[in-house]
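S.K.: Have a look at the structure that comes next, please.
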Amino acid sequence: FVKIEEFNQASSEELTTLLKHCVHIQRWSDEILSQRPFVNTQVLMDFAKAQASTWTWLEIANALATHPRIGEKKAQAMLSEKEQAFSHQEQSAIKQSTETQHALLQGNIAYEKKFGHIFLIRAMGLDQTEILQALKYRLLNDPETEQRIVKQQLGEIAMLRLNQELSENESLND
C-alpha cells in the first residue's frame with residue numbers, strides 16, 4: 001500500500017482526483033480528506049468503507065450517471081483515463097459472443113426502463129454468464145431492494161478502486 005504518510009501529506013487536489021477515480025461522490029472524498037492524518041492504510045480503508053455506507057440514493061444516482069454500462073466496450077468519454085482503465089480491468093473477464101453482447105444490451109435496456117438507472121455490478125472476477133445471470137435475477141427485484149444492492153455494489157467498486165490506487169501509487173513511489 002501507499003505509505004500512509006504520503007497519503008496524509010498529499011495535496012487536497014491530488015487526493016480529490018484520486019478519490020474521484022474511485023467514485024464520483026464528493027461528500028465521500030471530503031469526509032476522507034477531513035479525517036487526515038490516518039495512522040495506517042487499514043484505518044483509511046475502514047473509514048472509507050464506513051463513509052460509503054452513508055451514501056444517499058441521490059449521491060448514488062449521480063455517481064451512476066458517470067459509469068459505463070456493463071458490457072460496453074467503450075467507457076463514456078467523460079470518464080478520466082484512470083476511470084476508463086479501471087472499468088476495462090474490472091470488465092476484462094467478459095469475453096462476449098455476439099449473443100451475449102445482445103443479451104446484455106437487452107437486459108440493460110430492460111433494467112434501465114424498470115429502475116431508471118444503469119445496471120451496476122462489481123464485475124471483477126465474474127464471467128459473462130455470471131453477470132448475465134445476476135442481471136436477469138436482479139430484474140425481478142423491487143426498486144427498494146435494487147437500490148440497496150446498487151449501493152452495496154458501488155461501495156465494493158469504490159473500495160476495490162481505492163485499494164488499487166493505493167497499491168499502484170506504492171509501486172510508483174518505491
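Chain identifiers are assigned as A, B, and so on, following the order in which chains appear in the C-alpha cells; residues are numbered from 1 within each chain, and ligands are numbered from 1 in order of appearance.
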Near Leu139 of chain A, within 8 Å and counting only C-alpha atoms, which residues show up once chain neighbours fewer than 2 positions away are dropped, as a list in words?
M.R.: Ala110, Tyr111, Lys114, Leu135, Lys136, Tyr137 and Asn141 of chain A
S.K.: Hey, what's within 12 Å of Ala134 of chain A if we count only C-alpha atoms and toss same-chain stuff fewer than 5 positions away? As a list in words, please?
M.R.: Ile70, Leu104, Gly107, Asn108, Tyr111, Phe119, Leu120, Ile121, Arg122, Ala123, Leu126, Asp127, Gln128, Thr129, Leu139, Leu140, Asn141, Glu146 and Ile149 of chain A
S.K.: State, in Å with one decimal place, the distance from atom CA of Ala48 of chain A to atom CA of Ile32 of chain A.
M.R.: 6.5 Å
S.K.: Rank A:Ile109, A:Leu44, A:Leu58, A:Ala63 by their smallest atom-to-atom distance to His21 of chain A, using only C-alpha atoms, and report the top residue only.
M.R.: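 Among A:Ile109, A:Leu44, A:Leu58, A:Ala63, it is A:Ala63 that comes nearest to His21 of chain A.
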S.K.: Can you tell me which residues surround Val23 of chain A at a distance of at most 10 Å, considering only C-alpha atoms, apart from same-chain residues fewer than 4 positions away, and format the answer as a list in words?
M.R.: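 So the residues in contact are Leu18, Leu19, Trp28, Ser29, Ala52, Ile60, Ala63, Leu64, Thr66, His67, Glu83, Leu154, Gly155, Ile157, Ala158, Met159, Arg161 and Leu162 of chain A.
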S.K.: Output the selection as a PDB file, in the first residue's frame - C-alpha atoms for each residue.
M.R.:
```pdb
ATOM      1  CA  LEU A  18      -7.504  10.046  -6.669  1.00  0.00           C
ATOM      2  CA  LEU A  19     -10.773   9.565  -4.771  1.00  0.00           C
ATOM      3  CA  TRP A  28     -17.119  10.785   0.413  1.00  0.00           C
ATOM      4  CA  SER A  29     -13.903  12.464  -0.752  1.00  0.00           C
ATOM      5  CA  ALA A  52     -19.657   4.620   1.783  1.00  0.00           C
ATOM      6  CA  ILE A  60     -25.502   7.161  -5.819  1.00  0.00           C
ATOM      7  CA  ALA A  63     -22.433   8.665  -9.472  1.00  0.00           C
ATOM      8  CA  LEU A  64     -24.195   6.100 -11.685  1.00  0.00           C
ATOM      9  CA  THR A  66     -20.757   8.599 -14.854  1.00  0.00           C
ATOM     10  CA  HIS A  67     -20.499   4.799 -15.006  1.00  0.00           C
ATOM     11  CA  GLU A  83     -11.529   5.522 -14.668  1.00  0.00           C
ATOM     12  CA  LEU A 154     -20.964   0.769  -5.805  1.00  0.00           C
ATOM     13  CA  GLY A 155     -19.319   0.674  -2.376  1.00  0.00           C
ATOM     14  CA  ILE A 157     -16.304  -0.957  -6.600  1.00  0.00           C
ATOM     15  CA  ALA A 158     -15.120   2.218  -4.829  1.00  0.00           C
ATOM     16  CA  MET A 159     -13.207   0.216  -2.215  1.00  0.00           C
ATOM     17  CA  ARG A 161     -10.539   1.026  -6.816  1.00  0.00           C
ATOM     18  CA  LEU A 162      -9.207   2.790  -3.707  1.00  0.00           C
TER      19      LEU A 162
END
```
S.K.: So which one's closest to Arg148 of chain A, A:Asn62, A:Ile131, A:Trp55, A:Thr98? Using only C-alpha atoms, please.
M.R.: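 So, comparing all the options, the nearest one is A:Trp55.
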S.K.: Just the number, please: distance in Å from atom CA of Asn163 of chain A to atom CA of Cys22 of chain A, one decimal.
M.R.: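 The value is 9.2 Å.
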S.K.: Quick one: distance from atom CA of Glu13 of chain A to atom CA of Gln152 of chain A in Å, one decimal?
M.R.: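 According to the coordinates, atom CA of Glu13 of chain A and atom CA of Gln152 of chain A are separated by 27.0 Å.
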S.K.: For Asn40 of chain A, list every protein, DNA or RNA residue within 9 Å, evaluated using only C-alpha atoms, and leave out those in the same chain fewer than 5 positions away; present the list as a PyMOL selection string.
M.R.: chain A and resi 3-5+45
S.K.: May I have the selected residues written with all heavy atoms, as an mmCIF file, in the first residue's frame?
M.R.:
```
data_model
loop_
_atom_site.group_PDB
_atom_site.id
_atom_site.type_symbol
_atom_site.label_atom_id
_atom_site.label_comp_id
_atom_site.auth_asym_id
_atom_site.auth_seq_id
_atom_site.Cartn_x
_atom_site.Cartn_y
_atom_site.Cartn_z
ATOM 1 N N LYS A 3 2.467 4.488 1.211
ATOM 2 C CA LYS A 3 2.879 4.862 2.561
ATOM 3 C C LYS A 3 1.860 5.878 3.070
ATOM 4 O O LYS A 3 1.585 6.874 2.416
ATOM 5 C CB LYS A 3 4.294 5.423 2.525
ATOM 6 C CG LYS A 3 5.324 4.356 2.166
ATOM 7 C CD LYS A 3 6.674 4.982 1.871
ATOM 8 C CE LYS A 3 7.659 3.950 1.380
ATOM 9 N NZ LYS A 3 7.276 3.327 0.104
ATOM 10 N N ILE A 4 1.323 5.598 4.220
ATOM 11 C CA ILE A 4 0.231 6.424 4.743
ATOM 12 C C ILE A 4 0.692 7.876 4.943
ATOM 13 O O ILE A 4 -0.102 8.799 4.785
ATOM 14 C CB ILE A 4 -0.360 5.813 6.037
ATOM 15 C CG1 ILE A 4 -1.749 6.409 6.318
ATOM 16 C CG2 ILE A 4 0.579 5.949 7.216
ATOM 17 C CD1 ILE A 4 -2.795 6.100 5.275
ATOM 18 N N GLU A 5 1.975 8.057 5.227
ATOM 19 C CA GLU A 5 2.496 9.416 5.385
ATOM 20 C C GLU A 5 2.311 10.209 4.092
ATOM 21 O O GLU A 5 1.991 11.398 4.124
ATOM 22 C CB GLU A 5 3.985 9.403 5.768
ATOM 23 C CG GLU A 5 4.292 8.723 7.087
ATOM 24 C CD GLU A 5 4.380 7.195 6.984
ATOM 25 O OE1 GLU A 5 4.584 6.651 5.878
ATOM 26 O OE2 GLU A 5 4.223 6.552 8.034
ATOM 27 N N MET A 45 -8.894 2.634 4.929
ATOM 28 C CA MET A 45 -9.845 1.783 4.199
ATOM 29 C C MET A 45 -11.128 1.563 5.013
ATOM 30 O O MET A 45 -12.226 1.618 4.472
ATOM 31 C CB MET A 45 -9.200 0.441 3.836
ATOM 32 C CG MET A 45 -8.044 0.547 2.845
ATOM 33 S SD MET A 45 -8.504 1.156 1.206
ATOM 34 C CE MET A 45 -9.445 -0.237 0.588
#
```
S.K.: Of the candidates A:Gln26, A:His102, A:Asp142, A:Leu33, which shows the shortest atom-to-atom distance to Gly71 of chain A, using only C-alpha atoms?
M.R.: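 Answer, going by the shortest atom-to-atom distance: A:His102.
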